[in-house]
Amino acid sequence: METRVVNPVVRFLLSRGRLGSTYAVLETTGRRSGRARRTPVANGLRGDVFWLIAAHGQNAHYVHNLGADAQVRVGIAERGELRWRAGVAHPLPEDDVRARQRELGRGRLGYKLDALLLRALATELLTIRIELADARAA
């Protein structure tokens, strides 16, 4: 249900510049198809680093895609549209995921609520650090 119903709705709202403080879009390259794959994710932007928590760890499809090609784009809603930034993703299996979620959720109710839902549905949490390129270069 999440992939076929929730994700398309969130992607649509993000493309219209909505939900940007809580959500963003991760674009990976499909490991088999080579096509762009876009997945709504919690907005973990902190300066030039985007933090992502994968609810299904190494089993998440986008994590499989990152294993084949770590080059990604992150779309963040700003002023009514998505602004894309290129980056390189690095899974951090040793990171303290819950501490990371607490840090990212400080002062952000939407992120905290999403983190609660994520933990309720998660099978294996994994932190991913995305080092973003200069905003002018993307």
# chains A, B, ... in the order shown; residues from 1 in each chain; ligands from 1

call {"tool": "select_by_dssp", "arguments": {"residues": "stretch 11-64 of chain A", "states": "strand (DSSP E or B)", "output": "ChimeraX atom specification"}}
result
/A:23-29,36-42,45-46,49-54,56

call {"tool": "residues_around", "arguments": {"residues": "stretch 54-66 of chain A", "least_positions_apart": "4", "cutoff": "7 Å", "atoms": "only C-alpha atoms", "output": "ChimeraX atom specification"}}
result
/A:28-31,70,89,118,122-127

call {"tool": "write_last_selection", "arguments": {"atoms": "N, CA, C and O atoms", "output": "short mmCIF file (atom, residue, chain, number, x, y, z; two decimals), in the first residue's frame"}}
result
data_model
loop_
_atom_site.label_atom_id
_atom_site.label_comp_id
_atom_site.auth_asym_id
_atom_site.auth_seq_id
_atom_site.Cartn_x
_atom_site.Cartn_y
_atom_site.Cartn_z
N THR A 28 17.27 7.64 -7.07
CA THR A 28 18.36 6.71 -7.31
C THR A 28 18.25 6.21 -8.75
O THR A 28 17.25 6.45 -9.41
N THR A 29 19.26 5.50 -9.19
CA THR A 29 19.22 4.86 -10.50
C THR A 29 18.94 3.38 -10.29
O THR A 29 19.64 2.72 -9.51
N GLY A 30 17.90 2.88 -10.96
CA GLY A 30 17.53 1.47 -10.82
C GLY A 30 18.69 0.57 -11.17
O GLY A 30 19.29 0.74 -12.23
N ARG A 31 18.99 -0.38 -10.31
CA ARG A 31 20.16 -1.24 -10.52
C ARG A 31 20.00 -2.16 -11.72
O ARG A 31 20.98 -2.57 -12.32
N ALA A 70 26.07 4.83 -6.11
CA ALA A 70 25.89 5.71 -4.94
C ALA A 70 25.56 7.15 -5.32
O ALA A 70 25.25 7.96 -4.45
N ALA A 89 25.80 8.83 -1.73
CA ALA A 89 25.23 8.18 -0.55
C ALA A 89 26.22 7.20 0.07
O ALA A 89 26.91 6.46 -0.64
N LEU A 118 7.81 5.28 11.10
CA LEU A 118 8.90 4.50 10.52
C LEU A 118 9.32 3.37 11.46
O LEU A 118 9.44 2.22 11.04
N ALA A 122 9.19 -0.59 10.69
CA ALA A 122 10.55 -0.98 10.30
C ALA A 122 10.85 -2.44 10.59
O ALA A 122 10.34 -3.03 11.54
N THR A 123 11.70 -3.00 9.73
CA THR A 123 12.22 -4.35 9.95
C THR A 123 13.69 -4.30 10.35
O THR A 123 14.17 -5.14 11.08
N GLU A 124 14.41 -3.29 9.84
CA GLU A 124 15.85 -3.13 10.12
C GLU A 124 16.22 -1.69 9.79
O GLU A 124 16.20 -1.31 8.62
N LEU A 125 16.52 -0.89 10.78
CA LEU A 125 16.86 0.51 10.52
C LEU A 125 18.31 0.67 10.09
O LEU A 125 19.20 -0.01 10.60
N LEU A 126 18.53 1.56 9.12
CA LEU A 126 19.87 1.83 8.61
C LEU A 126 19.99 3.32 8.31
O LEU A 126 19.14 3.89 7.63
N THR A 127 21.07 3.93 8.81
CA THR A 127 21.34 5.34 8.51
C THR A 127 22.13 5.44 7.21
O THR A 127 23.05 4.66 6.97
#

call {"tool": "closest_residue", "arguments": {"among": "A:Ala86, A:Thr39, A:Leu117, A:Arg108", "to": "A:Leu52", "atoms": "only C-alpha atoms"}}
result
A:Thr39

call {"tool": "select_by_dssp", "arguments": {"residues": "chain A", "states": "helix (DSSP H, G or I)", "output": "ChimeraX atom specification"}}
result
/A:2-15,57-59,61-68,97-105,109-121

call {"tool": "decode", "arguments": {"residues": "stretch 49-64 of chain A", "atoms": "all heavy atoms", "output": "tab-separated table (two decimals), in the first residue's frame"}}
result
chain	number	residue	atom	x	y	z
A	49	VAL	N	24.59	18.11	4.04
A	49	VAL	CA	24.45	16.67	4.28
A	49	VAL	C	22.96	16.37	4.40
A	49	VAL	O	22.20	17.10	5.04
A	49	VAL	CB	25.18	16.24	5.56
A	49	VAL	CG1	24.91	14.78	5.88
A	49	VAL	CG2	26.67	16.49	5.43
A	50	PHE	N	22.55	15.28	3.75
A	50	PHE	CA	21.17	14.81	3.86
A	50	PHE	C	21.22	13.47	4.56
A	50	PHE	O	21.88	12.54	4.11
A	50	PHE	CB	20.53	14.66	2.47
A	50	PHE	CG	19.05	14.40	2.53
A	50	PHE	CD1	18.15	15.45	2.50
A	50	PHE	CD2	18.58	13.11	2.62
A	50	PHE	CE1	16.79	15.23	2.57
A	50	PHE	CE2	17.21	12.87	2.69
A	50	PHE	CZ	16.32	13.93	2.67
A	51	TRP	N	20.53	13.39	5.71
A	51	TRP	CA	20.48	12.15	6.49
A	51	TRP	C	19.20	11.40	6.17
A	51	TRP	O	18.12	12.00	6.11
A	51	TRP	CB	20.52	12.46	7.98
A	51	TRP	CG	21.82	13.05	8.40
A	51	TRP	CD1	22.10	14.38	8.56
A	51	TRP	CD2	23.02	12.35	8.70
A	51	TRP	NE1	23.41	14.54	8.95
A	51	TRP	CE2	24.00	13.30	9.04
A	51	TRP	CE3	23.36	11.00	8.71
A	51	TRP	CZ2	25.29	12.95	9.40
A	51	TRP	CZ3	24.65	10.65	9.06
A	51	TRP	CH2	25.60	11.62	9.40
A	52	LEU	N	19.33	10.12	5.98
A	52	LEU	CA	18.20	9.28	5.60
A	52	LEU	C	18.20	8.03	6.48
A	52	LEU	O	19.26	7.45	6.73
A	52	LEU	CB	18.37	8.89	4.13
A	52	LEU	CG	17.44	7.90	3.50
A	52	LEU	CD1	16.01	8.39	3.54
A	52	LEU	CD2	17.85	7.66	2.05
A	53	ILE	N	17.02	7.66	6.97
A	53	ILE	CA	16.87	6.42	7.74
A	53	ILE	C	16.04	5.45	6.90
A	53	ILE	O	14.89	5.72	6.59
A	53	ILE	CB	16.16	6.66	9.09
A	53	ILE	CG1	16.80	7.80	9.88
A	53	ILE	CG2	16.09	5.37	9.90
A	53	ILE	CD1	18.21	7.57	10.33
A	54	ALA	N	16.65	4.33	6.52
A	54	ALA	CA	15.97	3.31	5.73
A	54	ALA	C	15.27	2.35	6.69
A	54	ALA	O	15.92	1.71	7.52
A	54	ALA	CB	16.96	2.55	4.86
A	55	ALA	N	13.94	2.24	6.57
A	55	ALA	CA	13.14	1.41	7.48
A	55	ALA	C	13.41	-0.08	7.31
A	55	ALA	O	13.21	-0.85	8.24
A	55	ALA	CB	11.65	1.69	7.28
A	56	HIS	N	13.84	-0.47	6.13
A	56	HIS	CA	14.07	-1.89	5.87
A	56	HIS	C	15.55	-2.17	5.59
A	56	HIS	O	15.88	-3.18	4.96
A	56	HIS	CB	13.16	-2.37	4.75
A	56	HIS	CG	11.72	-2.14	5.05
A	56	HIS	ND1	11.06	-2.74	6.10
A	56	HIS	CD2	10.82	-1.31	4.48
A	56	HIS	CE1	9.81	-2.31	6.15
A	56	HIS	NE2	9.65	-1.44	5.19
A	57	GLY	N	16.39	-1.26	6.05
A	57	GLY	CA	17.84	-1.45	5.97
A	57	GLY	C	18.34	-1.88	4.62
A	57	GLY	O	17.94	-1.33	3.59
A	58	GLN	N	19.18	-2.89	4.61
A	58	GLN	CA	19.77	-3.40	3.37
A	58	GLN	C	18.74	-4.02	2.44
A	58	GLN	O	19.03	-4.24	1.27
A	58	GLN	CB	20.87	-4.44	3.70
A	58	GLN	CG	22.04	-3.87	4.45
A	58	GLN	CD	22.88	-2.92	3.62
A	58	GLN	OE1	22.86	-2.93	2.39
A	58	GLN	NE2	23.62	-2.06	4.29
A	59	ASN	N	17.54	-4.29	2.92
A	59	ASN	CA	16.50	-4.88	2.09
A	59	ASN	C	15.65	-3.86	1.34
A	59	ASN	O	14.84	-4.24	0.50
A	59	ASN	CB	15.59	-5.78	2.93
A	59	ASN	CG	16.35	-6.98	3.46
A	59	ASN	OD1	17.13	-7.59	2.75
A	59	ASN	ND2	16.16	-7.28	4.73
A	60	ALA	N	15.82	-2.58	1.64
A	60	ALA	CA	15.07	-1.54	0.94
A	60	ALA	C	15.54	-1.48	-0.52
A	60	ALA	O	16.74	-1.56	-0.80
A	60	ALA	CB	15.26	-0.19	1.62
A	61	HIS	N	14.59	-1.35	-1.44
A	61	HIS	CA	14.96	-1.32	-2.86
A	61	HIS	C	15.93	-0.19	-3.17
A	61	HIS	O	16.88	-0.37	-3.92
A	61	HIS	CB	13.70	-1.20	-3.74
A	61	HIS	CG	12.86	-2.43	-3.71
A	61	HIS	ND1	13.22	-3.60	-4.32
A	61	HIS	CD2	11.67	-2.68	-3.11
A	61	HIS	CE1	12.30	-4.52	-4.12
A	61	HIS	NE2	11.35	-3.98	-3.37
A	62	TYR	N	15.70	1.00	-2.58
A	62	TYR	CA	16.60	2.10	-2.90
A	62	TYR	C	17.99	1.86	-2.31
A	62	TYR	O	18.98	2.35	-2.86
A	62	TYR	CB	16.03	3.47	-2.52
A	62	TYR	CG	15.76	3.72	-1.06
A	62	TYR	CD1	16.76	4.11	-0.20
A	62	TYR	CD2	14.47	3.63	-0.55
A	62	TYR	CE1	16.51	4.38	1.13
A	62	TYR	CE2	14.20	3.91	0.77
A	62	TYR	CZ	15.23	4.28	1.62
A	62	TYR	OH	14.96	4.55	2.93
A	63	VAL	N	18.11	1.09	-1.25
A	63	VAL	CA	19.44	0.76	-0.71
A	63	VAL	C	20.15	-0.20	-1.67
A	63	VAL	O	21.35	-0.07	-1.90
A	63	VAL	CB	19.33	0.19	0.72
A	63	VAL	CG1	20.70	-0.27	1.22
A	63	VAL	CG2	18.75	1.24	1.67
A	64	HIS	N	19.41	-1.15	-2.26
A	64	HIS	CA	20.00	-2.02	-3.30
A	64	HIS	C	20.51	-1.16	-4.45
A	64	HIS	O	21.60	-1.38	-4.97
A	64	HIS	CB	18.98	-3.02	-3.83
A	64	HIS	CG	18.66	-4.12	-2.89
A	64	HIS	ND1	19.48	-5.21	-2.69
A	64	HIS	CD2	17.59	-4.31	-2.09
A	64	HIS	CE1	18.94	-6.02	-1.81
A	64	HIS	NE2	17.78	-5.49	-1.42
